[in-house]
file input.csv (CSV, N, CA and C atoms)
chain,number,residue,atom,x,y,z
W,1059,MET,N,-34.6,-2.9,10.5
W,1059,MET,CA,-33.5,-2.7,11.5
W,1059,MET,C,-32.4,-2.0,10.8
W,1060,PRO,N,-32.0,-0.9,11.5
W,1060,PRO,CA,-30.9,-0.1,10.9
W,1060,PRO,C,-29.5,-0.7,11.1
W,1061,ALA,N,-28.5,-0.1,10.5
W,1061,ALA,CA,-27.1,-0.5,10.6
W,1061,ALA,C,-26.4,0.6,11.4
W,1062,ILE,N,-25.3,0.2,12.0
W,1062,ILE,CA,-24.4,1.1,12.7
W,1062,ILE,C,-23.2,1.4,11.8
W,1063,PHE,N,-22.9,2.7,11.7
W,1063,PHE,CA,-21.7,3.2,10.9
W,1063,PHE,C,-20.8,3.9,11.8
W,1064,ARG,N,-19.6,3.3,12.0
W,1064,ARG,CA,-18.6,3.9,13.0
W,1064,ARG,C,-17.4,4.5,12.3
W,1065,LEU,N,-17.0,5.6,12.7
W,1065,LEU,CA,-15.9,6.3,12.2
W,1065,LEU,C,-14.7,6.3,13.2
W,1066,SER,N,-13.5,6.2,12.7
W,1066,SER,CA,-12.4,6.3,13.6
W,1066,SER,C,-11.3,7.2,13.1
W,1067,GLY,N,-10.4,7.6,14.0
W,1067,GLY,CA,-9.3,8.5,13.6
W,1067,GLY,C,-9.8,9.8,13.2
W,1068,SER,N,-9.1,10.4,12.2
W,1068,SER,CA,-9.4,11.8,11.7
W,1068,SER,C,-10.7,11.9,11.0
W,1069,LEU,N,-11.4,10.8,10.7
W,1069,LEU,CA,-12.7,10.9,10.1
W,1069,LEU,C,-13.7,11.5,11.0
W,1070,LYS,N,-13.5,11.3,12.3
W,1070,LYS,CA,-14.4,11.9,13.3
W,1070,LYS,C,-14.3,13.4,13.2
W,1071,ASP,N,-13.1,13.9,13.0
W,1071,ASP,CA,-13.0,15.4,12.9
W,1071,ASP,C,-13.7,16.0,11.7
W,1072,VAL,N,-13.8,15.3,10.6
W,1072,VAL,CA,-14.5,15.8,9.5
W,1072,VAL,C,-16.0,16.0,9.8
W,1073,VAL,N,-16.6,15.2,10.6
W,1073,VAL,CA,-18.0,15.3,10.9
W,1073,VAL,C,-18.3,16.0,12.3
W,1074,GLY,N,-17.3,16.6,12.8
W,1074,GLY,CA,-17.5,17.3,14.1
W,1074,GLY,C,-17.4,16.6,15.3
W,1075,GLY,N,-16.7,15.4,15.3
W,1075,GLY,CA,-16.3,14.7,16.5
W,1075,GLY,C,-17.2,13.4,16.7
W,1076,LYS,N,-18.3,13.3,16.1
W,1076,LYS,CA,-19.2,12.2,16.3
W,1076,LYS,C,-18.6,11.0,15.7
W,1077,ASP,N,-18.7,9.8,16.4
W,1077,ASP,CA,-18.0,8.6,15.8
W,1077,ASP,C,-19.0,7.5,15.5
W,1078,GLU,N,-20.3,7.7,15.7
W,1078,GLU,CA,-21.2,6.6,15.4
W,1078,GLU,C,-22.5,7.1,14.9
W,1079,TYR,N,-23.0,6.5,13.9
W,1079,TYR,CA,-24.3,6.9,13.2
W,1079,TYR,C,-25.1,5.7,13.0
W,1080,VAL,N,-26.4,5.9,13.1
W,1080,VAL,CA,-27.4,4.9,12.7
W,1080,VAL,C,-27.8,5.2,11.3
W,1081,VAL,N,-27.7,4.2,10.4
W,1081,VAL,CA,-27.9,4.5,9.0
W,1081,VAL,C,-28.9,3.5,8.4
W,1082,GLU,N,-29.5,3.8,7.3
W,1082,GLU,CA,-30.5,2.9,6.7
W,1082,GLU,C,-29.7,1.9,5.8
W,1083,ALA,N,-30.2,0.8,5.7
W,1083,ALA,CA,-29.6,-0.3,4.8
W,1083,ALA,C,-30.0,0.1,3.4
W,1084,GLY,N,-29.2,-0.5,2.4
W,1084,GLY,CA,-29.5,-0.3,1.0
W,1084,GLY,C,-28.6,0.6,0.3
W,1085,HIS,N,-27.8,1.3,1.0
W,1085,HIS,CA,-26.8,2.2,0.4
W,1085,HIS,C,-25.4,1.6,0.5
W,1086,THR,N,-24.5,2.0,-0.4
W,1086,THR,CA,-23.2,1.5,-0.3
W,1086,THR,C,-22.4,2.3,0.7
W,1087,VAL,N,-21.3,1.8,1.2
W,1087,VAL,CA,-20.4,2.5,2.1
W,1087,VAL,C,-20.0,3.8,1.5
W,1088,ARG,N,-19.6,3.8,0.2
W,1088,ARG,CA,-19.2,5.0,-0.5
W,1088,ARG,C,-20.3,6.1,-0.4
W,1089,GLU,N,-21.6,5.7,-0.7
W,1089,GLU,CA,-22.7,6.6,-0.6
W,1089,GLU,C,-22.9,7.2,0.8
W,1090,GLN,N,-22.7,6.3,1.8
W,1090,GLN,CA,-22.9,6.8,3.1
W,1090,GLN,C,-21.8,7.8,3.5
W,1091,LEU,N,-20.5,7.5,3.1
W,1091,LEU,CA,-19.4,8.4,3.3
W,1091,LEU,C,-19.7,9.8,2.7
W,1092,LEU,N,-20.2,9.8,1.5
W,1092,LEU,CA,-20.5,11.1,0.8
W,1092,LEU,C,-21.6,11.8,1.5
W,1093,ALA,N,-22.6,11.1,2.0
W,1093,ALA,CA,-23.7,11.7,2.7
W,1093,ALA,C,-23.2,12.4,4.0
W,1094,LEU,N,-22.2,11.9,4.6
W,1094,LEU,CA,-21.6,12.4,5.8
W,1094,LEU,C,-20.6,13.5,5.5
W,1095,GLY,N,-20.3,13.8,4.2
W,1095,GLY,CA,-19.3,14.8,3.8
W,1095,GLY,C,-17.9,14.3,3.9
W,1096,ILE,N,-17.7,13.0,3.8
W,1096,ILE,CA,-16.4,12.4,3.8
W,1096,ILE,C,-16.0,12.0,2.4
W,1097,VAL,N,-14.8,12.4,2.0
W,1097,VAL,CA,-14.3,12.0,0.7
W,1097,VAL,C,-13.9,10.5,0.8
W,1098,PRO,N,-14.5,9.7,0.0
W,1098,PRO,CA,-14.2,8.2,0.1
W,1098,PRO,C,-12.7,7.9,-0.1
W,1099,GLU,N,-12.0,8.6,-0.8
W,1099,GLU,CA,-10.6,8.3,-1.0
W,1099,GLU,C,-9.7,8.5,0.3
W,1100,THR,N,-10.3,9.2,1.3
W,1100,THR,CA,-9.6,9.3,2.5
W,1100,THR,C,-9.8,8.1,3.5
W,1101,VAL,N,-10.6,7.2,3.0
W,1101,VAL,CA,-10.8,5.9,3.8
W,1101,VAL,C,-9.9,4.8,3.3
W,1102,ALA,N,-9.1,4.3,4.2
W,1102,ALA,CA,-8.2,3.2,3.9
W,1102,ALA,C,-8.8,1.8,4.1
W,1103,MET,N,-9.7,1.6,5.0
W,1103,MET,CA,-10.2,0.3,5.3
W,1103,MET,C,-11.7,0.4,5.7
W,1104,VAL,N,-12.4,-0.6,5.2
W,1104,VAL,CA,-13.8,-0.8,5.6
W,1104,VAL,C,-13.9,-2.2,6.2
W,1105,SER,N,-14.5,-2.3,7.3
W,1105,SER,CA,-14.8,-3.6,8.0
W,1105,SER,C,-16.3,-3.7,8.3
W,1106,VAL,N,-16.9,-4.8,7.9
W,1106,VAL,CA,-18.3,-5.0,8.1
W,1106,VAL,C,-18.5,-6.3,8.9
W,1107,ASN,N,-19.0,-6.1,10.1
W,1107,ASN,CA,-19.2,-7.2,11.0
W,1107,ASN,C,-17.9,-8.0,11.2
W,1108,GLY,N,-16.8,-7.3,11.2
W,1108,GLY,CA,-15.4,-7.9,11.4
W,1108,GLY,C,-14.7,-8.4,10.2
W,1109,ALA,N,-15.4,-8.3,9.0
W,1109,ALA,CA,-14.7,-8.8,7.8
W,1109,ALA,C,-14.4,-7.6,6.9
W,1110,MET,N,-13.3,-7.7,6.2
W,1110,MET,CA,-12.9,-6.6,5.3
W,1110,MET,C,-13.9,-6.6,4.1
W,1111,GLU,N,-14.2,-5.4,3.7
W,1111,GLU,CA,-15.1,-5.2,2.5
W,1111,GLU,C,-14.6,-4.0,1.8
W,1112,THR,N,-15.2,-3.8,0.6
W,1112,THR,CA,-14.9,-2.6,-0.2
W,1112,THR,C,-15.9,-1.5,0.1
W,1113,LYS,N,-15.6,-0.3,-0.4
W,1113,LYS,CA,-16.5,0.8,-0.3
W,1113,LYS,C,-17.7,0.6,-1.1
W,1114,ASP,N,-17.8,-0.3,-2.0
W,1114,ASP,CA,-18.9,-0.6,-2.8
W,1114,ASP,C,-19.9,-1.6,-2.1
W,1115,TYR,N,-19.6,-2.1,-0.9
W,1115,TYR,CA,-20.4,-3.0,-0.2
W,1115,TYR,C,-21.7,-2.3,0.1
W,1116,VAL,N,-22.8,-3.0,-0.1
W,1116,VAL,CA,-24.2,-2.5,0.2
W,1116,VAL,C,-24.5,-2.8,1.6
W,1117,ILE,N,-24.8,-1.8,2.4
W,1117,ILE,CA,-25.0,-2.0,3.8
W,1117,ILE,C,-26.4,-2.7,4.0
W,1118,GLN,N,-26.3,-3.7,4.9
W,1118,GLN,CA,-27.5,-4.5,5.2
W,1118,GLN,C,-28.0,-4.2,6.6
W,1119,ASP,N,-29.3,-4.5,6.8
W,1119,ASP,CA,-29.9,-4.3,8.2
W,1119,ASP,C,-29.0,-5.1,9.2
W,1120,GLY,N,-28.7,-4.5,10.3
W,1120,GLY,CA,-28.0,-5.1,11.4
W,1120,GLY,C,-26.5,-5.1,11.3
W,1121,ASP,N,-26.0,-4.6,10.1
W,1121,ASP,CA,-24.5,-4.5,10.0
W,1121,ASP,C,-23.9,-3.5,10.9
W,1122,THR,N,-22.7,-3.8,11.3
W,1122,THR,CA,-21.8,-2.8,12.0
W,1122,THR,C,-20.7,-2.5,11.0
W,1123,VAL,N,-20.6,-1.3,10.5
W,1123,VAL,CA,-19.6,-0.9,9.5
W,1123,VAL,C,-18.6,0.0,10.2
W,1124,ARG,N,-17.3,-0.3,10.1
W,1124,ARG,CA,-16.3,0.5,10.7
W,1124,ARG,C,-15.4,1.0,9.5
W,1125,VAL,N,-15.1,2.3,9.5
W,1125,VAL,CA,-14.2,2.8,8.5
W,1125,VAL,C,-13.0,3.5,9.2
W,1126,LEU,N,-11.8,3.3,8.6
W,1126,LEU,CA,-10.6,3.8,9.1
W,1126,LEU,C,-9.9,4.7,8.1
W,1127,ALA,N,-9.5,5.9,8.5
W,1127,ALA,CA,-8.9,6.9,7.6
W,1127,ALA,C,-7.5,6.5,7.2
W,1128,VAL,N,-7.1,7.0,6.0
W,1128,VAL,CA,-5.7,6.9,5.6
W,1128,VAL,C,-4.9,7.6,6.6
W,1129,VAL,N,-3.7,7.0,7.0
W,1129,VAL,CA,-2.8,7.6,7.9
W,1129,VAL,C,-1.5,7.9,7.2
W,1130,GLY,N,-1.1,9.2,7.4
W,1130,GLY,CA,0.1,9.6,6.7
W,1130,GLY,C,1.1,10.1,7.8
W,1131,GLY,N,2.3,10.2,7.4
W,1131,GLY,CA,3.4,10.7,8.3
W,1131,GLY,C,4.7,10.6,7.6
W,1132,GLY,N,5.7,10.9,8.4
W,1132,GLY,CA,7.0,10.9,7.8
W,1132,GLY,C,8.1,10.7,8.7
call {"tool": "encode", "arguments": {"input": "input.csv", "output": "structure tokens"}}
result
Amino acid sequence: MPAIFRLSGSLKDVVGGKDEYVVEAGHTVREQLLALGIVPETVAMVSVNGAMETKDYVIQDGDTVRVLAVVGGG
């Protein structure tokens, strides 16, 4: 069973506007970000099934992973 990887904010722009991907389990969030062409340091928050996790979390079958970009402003 695959996992769902959801992007929000400006991260969608990096990948051409798509906000949801079906991904294989067994890879870290960091690895998945790199595979999508996203620099991991631009991610401020990782949520897996509603709980905060790190970018080193290994994605499991059935997970819903949400990542939120760093927000800047002045």
call {"tool": "residues_around", "arguments": {"input": "input.csv", "residues": "region 1094-1103 of chain W", "least_positions_apart": "3", "cutoff": "10 Å", "atoms": "only C-alpha atoms", "output": "number ranges by chain"}}
result
W: 1065-1066, 1068-1070, 1072-1073, 1079, 1087-1091, 1110-1113, 1124-1129
call {"tool": "select_by_dssp", "arguments": {"input": "input.csv", "residues": "chain W", "states": "strand (DSSP E)", "output": "list in words"}}
result
Ala1061, Ile1062, Phe1063, Arg1064, Leu1065, Glu1078, Tyr1079, Val1080, Val1081, Val1101, Ala1102, Met1103, Val1104, Ser1105, Val1106, Ala1109, Met1110, Glu1111, Thr1122, Val1123, Arg1124, Val1125, Leu1126 and Ala1127 of chain W
call {"tool": "closest_residue", "arguments": {"input": "input.csv", "among": "W:Ile1062, W:Val1104, W:Val1123, W:Ile1117", "to": "His1085 (chain W)", "atoms": "only C-alpha atoms"}}
result
W:Ile1117
call {"tool": "atom_distance", "arguments": {"input": "input.csv", "atom1": "CA of Asp1121 (chain W)", "atom2": "CA of Ala1093 (chain W)"}}
result
17.8 Å
call {"tool": "atom_distance", "arguments": {"input": "input.csv", "atom1": "atom N of Asp1114 (chain W)", "atom2": "atom N of Thr1086 (chain W)"}}
result
7.3 Å
call {"tool": "atom_distance", "arguments": {"input": "input.csv", "atom1": "CA of Asp1071 (chain W)", "atom2": "atom N of Gly1120 (chain W)"}}
result
25.5 Å
call {"tool": "select_by_dssp", "arguments": {"input": "input.csv", "residues": "chain W", "states": "helix (DSSP H, G or I)", "output": "list of chain:residue names"}}
result
W:Leu1069, W:Lys1070, W:Asp1071, W:Val1072, W:Val1087, W:Arg1088, W:Glu1089, W:Gln1090, W:Leu1091, W:Leu1092, W:Ala1093, W:Pro1098, W:Glu1099, W:Thr1100
call {"tool": "residues_around", "arguments": {"input": "input.csv", "residues": "Glu1082 (chain W)", "least_positions_apart": "6", "cutoff": "7 Å", "atoms": "all atoms listed in the file", "output": "number ranges by chain"}}
result
W: 1059-1061, 1117-1119
call {"tool": "write_last_selection", "arguments": {"input": "input.csv", "atoms": "N, CA and C atoms", "output": "PDB file, keeping the file's coordinate frame"}}
result
ATOM      1  N   MET W1059     -34.600  -2.900  10.500  1.00  0.00           N
ATOM      2  CA  MET W1059     -33.500  -2.700  11.500  1.00  0.00           C
ATOM      3  C   MET W1059     -32.400  -2.000  10.800  1.00  0.00           C
ATOM      4  N   PRO W1060     -32.000  -0.900  11.500  1.00  0.00           N
ATOM      5  CA  PRO W1060     -30.900  -0.100  10.900  1.00  0.00           C
ATOM      6  C   PRO W1060     -29.500  -0.700  11.100  1.00  0.00           C
ATOM      7  N   ALA W1061     -28.500  -0.100  10.500  1.00  0.00           N
ATOM      8  CA  ALA W1061     -27.100  -0.500  10.600  1.00  0.00           C
ATOM      9  C   ALA W1061     -26.400   0.600  11.400  1.00  0.00           C
ATOM     10  N   ILE W1117     -24.800  -1.800   2.400  1.00  0.00           N
ATOM     11  CA  ILE W1117     -25.000  -2.000   3.800  1.00  0.00           C
ATOM     12  C   ILE W1117     -26.400  -2.700   4.000  1.00  0.00           C
ATOM     13  N   GLN W1118     -26.300  -3.700   4.900  1.00  0.00           N
ATOM     14  CA  GLN W1118     -27.500  -4.500   5.200  1.00  0.00           C
ATOM     15  C   GLN W1118     -28.000  -4.200   6.600  1.00  0.00           C
ATOM     16  N   ASP W1119     -29.300  -4.500   6.800  1.00  0.00           N
ATOM     17  CA  ASP W1119     -29.900  -4.300   8.200  1.00  0.00           C
ATOM     18  C   ASP W1119     -29.000  -5.100   9.200  1.00  0.00           C
TER      19      ASP W1119
END
